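Pasted below: start_26.txt, compact mmCIF, C-alpha atoms.
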```
# COMPACT_ATOMS: atom_id res chain seq x y z
CA MET K 289 142.68 18.51 138.65
CA ALA K 290 139.01 19.15 139.32
CA ILE K 291 139.70 22.84 139.57
CA MET K 292 140.78 23.29 136.01
CA SER K 293 137.53 21.91 134.72
CA LEU K 294 135.66 24.69 136.54
CA ILE K 295 137.55 27.48 134.89
CA ARG K 296 137.31 27.73 131.16
CA LYS K 297 139.65 29.65 128.97
CA PRO K 298 137.83 32.27 126.94
CA ALA K 299 137.29 30.96 123.45
CA GLY K 300 139.43 32.63 120.83
CA ASP K 301 140.99 36.06 120.67
CA ALA K 302 137.77 37.60 119.41
CA ALA K 303 136.35 37.70 122.93
CA PRO K 304 136.89 41.20 124.38
CA ASN K 305 138.32 39.90 127.63
CA ALA K 306 140.40 37.15 126.11
CA ALA K 307 143.76 38.58 127.03
CA GLU K 308 142.69 39.59 130.49
CA GLY K 309 140.99 36.30 131.04
CA ARG K 310 144.11 34.39 130.12
CA ASP K 311 146.16 36.58 132.37
CA ASN K 312 143.74 36.05 135.25
CA LEU K 313 143.70 32.36 134.60
CA ASP K 314 147.44 32.14 134.63
CA ARG K 315 147.65 34.11 137.81
CA PHE K 316 144.94 32.04 139.39
CA GLN K 317 146.74 28.83 138.53
CA GLU K 318 149.93 30.23 139.97
CA GLU K 319 148.25 31.40 143.15
CA PHE K 320 146.33 28.22 143.59
CA SER K 321 149.46 26.13 143.47
CA ARG K 322 151.14 28.50 145.88
CA PHE K 323 148.16 28.70 148.21
CA PHE K 324 148.75 25.60 150.27
CA ASP K 325 152.50 25.85 150.06
CA ASP K 326 152.59 29.39 151.37
CA PHE K 327 149.81 29.67 153.86
CA PHE K 328 149.47 26.24 155.33
CA ALA K 329 153.02 25.07 155.13
CA PRO K 330 154.53 23.82 158.35
CA ALA K 331 156.70 26.40 160.04
CA GLU K 332 159.94 25.13 158.61
CA TYR K 333 161.03 28.40 157.16
CA GLY K 334 164.68 29.17 156.95
CA LEU K 335 166.30 32.23 158.40
CA PHE K 336 166.13 34.24 155.19
CA ASP K 337 162.80 33.09 153.85
CA ARG K 338 160.22 35.71 153.21
CA ALA K 339 157.04 34.72 154.99
CA PRO K 340 157.57 33.11 158.38
CA GLY K 341 154.01 32.45 159.49
CA CYS K 342 151.73 35.42 159.19
CA PRO K 343 152.40 38.88 157.78
CA VAL K 344 152.67 41.49 160.52
CA ASP K 345 152.82 45.26 160.87
CA LEU K 346 154.53 47.01 163.74
CA VAL K 347 153.24 50.54 164.19
CA GLU K 348 154.61 53.13 166.55
CA ARG K 349 152.18 55.65 167.99
CA ASP K 350 152.74 58.51 170.40
CA ASP K 351 152.00 56.45 173.50
CA ALA K 352 152.16 52.85 172.36
CA TYR K 353 153.24 50.23 169.85
CA GLU K 354 150.78 48.14 167.91
CA VAL K 355 151.44 44.77 166.38
CA VAL K 356 148.95 43.83 163.66
CA ALA K 357 148.92 40.25 162.35
CA ASP K 358 146.79 38.68 159.61
CA LEU K 359 145.27 35.47 160.91
CA PRO K 360 142.24 34.67 158.75
CA GLY K 361 140.06 31.84 160.05
CA VAL K 362 142.02 31.59 163.26
CA GLU K 363 140.21 31.43 166.59
CA LYS K 364 141.26 32.63 170.01
CA LYS K 365 141.84 29.09 171.24
CA ASP K 366 144.34 28.46 168.43
CA LEU K 367 146.58 31.27 169.56
CA ASP K 368 149.28 31.49 172.18
CA LEU K 369 150.92 34.85 172.75
CA THR K 370 154.01 35.34 174.84
CA LEU K 371 156.20 38.32 175.57
CA ALA K 372 159.67 37.67 176.91
CA SER K 373 162.62 40.07 176.93
CA ASN K 374 160.67 42.38 174.61
CA VAL K 375 160.22 39.65 172.01
CA LEU K 376 156.61 38.99 171.15
CA THR K 377 155.89 35.46 169.97
CA ILE K 378 152.68 34.51 168.19
CA LYS K 379 152.12 30.78 168.20
CA CYS K 380 149.25 29.43 166.17
CA GLU K 381 148.02 25.86 166.02
CA ARG K 382 144.92 25.33 163.95
CA GLU K 383 142.99 22.12 163.60
CA GLU K 384 140.61 22.42 160.70
CA GLU K 385 137.43 20.42 161.13
CA GLY K 386 136.35 20.78 157.48
CA LYS K 387 136.03 17.81 155.20
CA GLY K 388 139.65 17.73 154.26
CA ARG K 389 139.31 21.01 152.46
CA ARG K 390 141.93 22.70 154.46
CA SER K 391 144.64 20.92 156.32
CA SER K 392 145.72 21.79 159.81
CA PHE K 393 148.57 24.18 160.15
CA SER K 394 150.78 25.66 162.80
CA PHE K 395 153.46 28.28 162.91
CA LYS K 396 155.36 30.47 165.29
CA ARG K 397 156.24 34.06 164.59
CA SER K 398 158.51 36.18 166.76
CA LEU K 399 158.96 39.89 166.59
CA ALA K 400 161.42 42.02 168.55
CA LEU K 401 159.76 45.09 170.03
CA PRO K 402 161.62 48.37 170.50
CA ASP K 403 163.35 49.02 173.83
CA LYS K 404 160.75 51.50 174.94
CA ALA K 405 157.97 48.88 174.83
CA ASP K 406 156.55 48.22 178.28
CA PRO K 407 155.97 44.50 178.93
CA ALA K 408 153.74 45.44 181.86
CA SER K 409 151.04 47.03 179.70
CA VAL K 410 150.05 44.60 176.97
CA SER K 411 146.59 43.84 175.63
CA ALA K 412 145.47 41.85 172.63
CA THR K 413 142.27 41.53 170.60
CA LEU K 414 141.28 39.25 167.73
CA ALA K 415 138.66 40.50 165.28
CA ASP K 416 137.89 39.96 161.58
CA GLY K 417 140.85 37.62 161.25
CA VAL K 418 143.29 40.23 162.52
CA LEU K 419 145.22 40.07 165.77
CA LEU K 420 145.95 43.43 167.35
CA VAL K 421 148.49 43.58 170.17
CA HIS K 422 148.75 46.85 172.01
CA VAL K 423 151.97 47.43 173.92
CA GLY K 424 152.36 50.57 175.98
CA LYS K 425 155.50 52.68 175.97
CA ARG K 426 157.62 53.09 179.03
CA ALA K 427 157.91 56.61 180.31
CA GLU K 428 161.14 58.01 178.95
CA ALA K 429 163.84 56.93 181.31
CA THR K 430 164.81 60.15 183.03
CA PRO K 431 168.46 60.51 184.01
CA ARG K 432 168.77 59.57 187.62
CA LYS K 433 170.74 61.79 189.92
CA ILE K 434 173.07 59.99 192.22
CA GLU K 435 173.71 61.67 195.48
CA LEU K 436 177.26 61.46 196.64
CA GLN K 437 177.56 61.03 200.30
CA VAL K 438 180.75 62.52 201.59
CA LYS K 439 181.72 61.21 204.94
CA MET U 44 151.75 43.54 130.68
CA ASN U 45 154.95 44.55 132.33
CA ALA U 46 156.31 44.61 135.85
CA ASN U 47 154.98 48.11 136.51
CA ASP U 48 151.41 47.12 135.80
CA ARG U 49 151.64 44.62 138.58
CA GLU U 50 152.90 47.23 141.01
CA VAL U 51 149.86 49.47 140.71
CA ARG U 52 147.37 46.66 140.52
CA ALA U 53 145.16 45.94 143.50
CA MET U 54 146.34 43.29 145.90
CA VAL U 55 145.15 39.79 145.03
CA PRO U 56 143.90 37.95 148.10
CA GLU U 57 144.72 34.29 148.68
CA SER U 58 141.96 32.02 147.54
CA ALA U 59 141.02 28.44 146.85
CA VAL U 60 138.20 26.69 145.03
CA TYR U 61 136.73 23.36 146.10
CA GLU U 62 134.01 21.18 144.72
CA GLU U 63 132.05 19.01 147.08
CA GLU U 64 128.59 17.44 147.12
CA GLY U 65 127.23 19.25 144.10
CA LYS U 66 128.53 22.58 145.29
CA VAL U 67 131.41 24.77 144.27
CA LEU U 68 133.00 26.56 147.20
CA VAL U 69 135.20 29.60 146.75
CA GLU U 70 137.18 30.66 149.78
CA LEU U 71 139.06 33.96 150.03
CA LEU U 72 141.27 35.12 152.85
CA LEU U 73 140.37 38.73 153.64
CA PRO U 74 141.68 39.47 157.11
CA GLY U 75 140.92 42.98 158.35
CA VAL U 76 138.26 43.66 155.73
CA ARG U 77 134.92 44.93 156.99
CA LYS U 78 131.74 43.55 155.48
CA GLU U 79 130.68 47.01 154.30
CA ASP U 80 133.96 47.46 152.42
CA LEU U 81 133.48 44.25 150.46
CA SER U 82 131.66 43.71 147.18
CA VAL U 83 130.89 40.41 145.47
CA THR U 84 129.35 40.45 141.99
CA VAL U 85 128.67 37.88 139.31
CA ASP U 86 128.24 39.36 135.86
CA GLN U 87 128.51 37.66 132.48
CA GLY U 88 130.33 34.67 133.81
CA ARG U 89 132.77 36.68 135.88
CA LEU U 90 132.84 36.52 139.63
CA VAL U 91 134.52 39.60 141.06
CA VAL U 92 135.39 40.01 144.73
CA GLU U 93 136.77 43.43 145.49
CA GLY U 94 137.03 46.11 148.10
CA LYS U 95 139.51 47.78 150.36
CA ARG U 96 140.91 47.21 153.76
CA LYS U 97 141.84 49.84 156.24
CA ASP U 98 145.39 50.83 156.97
CA TYR U 99 146.18 50.08 160.59
CA ALA U 100 149.36 52.09 160.34
CA GLU U 101 147.43 55.30 159.71
CA GLY U 102 148.35 58.01 162.18
CA GLY U 103 151.45 56.16 163.28
CA VAL U 104 154.90 55.22 162.04
CA ALA U 105 155.21 51.78 160.49
CA LEU U 106 158.37 50.11 161.76
CA VAL U 107 157.54 46.78 160.14
CA ARG U 108 155.19 46.60 157.19
CA GLU U 109 154.36 43.23 155.68
CA ARG U 110 150.60 43.59 155.32
CA ARG U 111 149.20 45.43 152.34
CA PRO U 112 146.39 47.89 152.96
CA GLY U 113 144.15 49.44 150.33
CA LEU U 114 142.47 47.93 147.32
CA PHE U 115 142.16 44.26 146.57
CA ARG U 116 140.48 42.43 143.76
CA LYS U 117 140.15 38.86 142.65
CA THR U 118 138.36 37.72 139.50
CA PHE U 119 137.18 34.21 138.71
CA THR U 120 135.59 32.92 135.55
CA VAL U 121 132.36 31.10 136.35
CA ASP U 122 131.73 28.04 134.25
CA GLU U 123 128.23 27.56 132.82
CA ARG U 124 127.90 24.42 134.94
CA VAL U 125 127.64 26.67 137.98
CA ASP U 126 124.30 28.21 138.87
CA ALA U 127 125.18 31.76 139.86
CA GLU U 128 121.53 32.48 140.73
CA ARG U 129 121.70 30.05 143.61
CA SER U 130 124.55 31.17 145.76
CA LYS U 131 125.29 31.80 149.38
CA ALA U 132 127.96 33.91 150.97
CA SER U 133 129.33 33.99 154.48
CA PHE U 134 132.05 36.14 155.95
CA ASP U 135 133.56 35.07 159.22
CA LYS U 136 136.91 35.72 160.91
CA GLY U 137 138.29 37.31 157.77
CA VAL U 138 137.40 34.34 155.56
CA LEU U 139 134.84 34.85 152.81
CA THR U 140 133.13 31.66 151.66
CA LEU U 141 130.99 31.68 148.53
CA GLU U 142 128.84 28.67 147.84
CA PHE U 143 127.46 27.99 144.36
CA GLU U 144 125.16 25.19 143.33
CA VAL U 145 126.15 23.11 140.36
CA LYS U 146 123.29 23.05 137.87
CA GLU U 147 121.19 19.90 137.97
CA SER U 148 121.77 19.40 134.25
CA ALA U 149 125.53 19.48 134.82
CA LYS U 150 125.63 16.96 137.65
CA PRO U 151 126.90 13.52 136.82
CA ARG U 152 124.11 11.14 135.92
CA LYS U 153 124.15 7.48 136.63
CA ILE U 154 123.04 5.51 133.62
CA GLN U 155 121.26 2.29 134.37
CA ILE U 156 122.01 -0.64 132.17
CA ALA U 157 118.77 -2.18 131.16
```

What does this structure look like when you write it as structure tokens?
Amino acid sequence: MAIMSLIRKPAGDAAPNAAEGRDNLDRFQEEFSRFFDDFFAPAEYGLFDRAPGCPVDLVERDDAYEVVADLPGVEKKDLDLTLASNVLTIKCEREEEGKGRRSSFSFKRSLALPDKADPASVSATLADGVLLVHVGKRAEATPRKIELQVK
Amino acid sequence: MNANDREVRAMVPESAVYEEEGKVLVELLLPGVRKEDLSVTVDQGRLVVEGKRKDYAEGGVALVRERRPGLFRKTFTVDERVDAERSKASFDKGVLTLEFEVKESAKPRKIQIA
């Protein structure tokens, strides 16, 4: 564990930040062990698991819906977005070229959009590691009058 | 420390530390954080990365909310082997990479057998 040799525990309780330091250290250890499991795990999440792929927000605005997804380090070429029957699917396949620091990962995340979402007006941008999908709203379906033809 | 303390605490971003070729690399995942909202300081052996990220849901109604906006903070303890004076930082695609040199005196030395 090379990592543990980089982080020293504060010496003794006399140090003012001893308690905090220990707490931070414990949390760091915890997070570090979780890091690869959570973020780079293959997309083999079960139905009721908490984090299938990337965390997303779905925001409703007056005229549109916005899907916001955290995709740090991901490039445009790694992403494949599809919209079918009002279900938006974010597919991500990342090949990391680093020196084995970070393994490759891939996942697929689907999100059902509300009925009023208009599949004909979709646009997406990727900036600062965040994917923003803008989906317009369909004009409120107005009741259609059916003319009765009496012969 | 109880459960409530954790609730109000700033979000802790995902991070990892690597050591390679005489360098210590710290990588933090900060998607949606702007450079101007980010602060990195090293003081008395503590590396603190903190800031805030904007709330995309502002002005709208959040139907699904899995991302946490607002404050984040991550603290590392910097070992004396690391030379905090010689560091580099890059921030790209929501990934912050900090690069620290390991002090020459702390690098492994090969001892020749006479």

Identify which of the residues U:Arg124, U:Arg110, U:Lys131, U:Arg96 lies closest to Val69 (chain U), counting all atoms listed in the file when measuring atom-to-atom distances.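 Closest candidate: U:Lys131.
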
Box along x, y and z, 4 Å on every side, all listed atoms of region 118-134 of chain U inside: centre and edge lengths in Å to one decimal, as lines of an AutoDock Vina configuration file.
```
center_x = 129.9
center_y = 31.1
center_z = 144.4
size_x = 24.8
size_y = 21.3
size_z = 31.1
```

Quick one: which residues from chain K are at most 6 Å off chain U, using all atoms listed in the file, as a PyMOL selection string? chain K and resi 294-295+343-349+358+360-361+416-418

Excluding Asn374 (chain K) and its own-chain neighbours fewer than 4 positions away, which residues fall within 10 Å of it when counting only C-alpha atoms? Please give them as a list of chain:residue names. K:Thr370, K:Leu399, K:Ala400, K:Leu401, K:Pro402, K:Asp403, K:Lys404, K:Ala405, K:Asp406, K:Pro407

Test item: which residues lie within 6 Å of (132.2, 39.6, 150.2) counting all atoms listed in the file, as JSON, numbers by chain: {"U": [81, 82, 83]}

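Each of U:Leu141, U:Ile154, U:Ala149, U:Ala127 was checked against Val85 (chain U) using all atoms listed in the file; the smallest atom-to-atom distance is that of U:Ala127.
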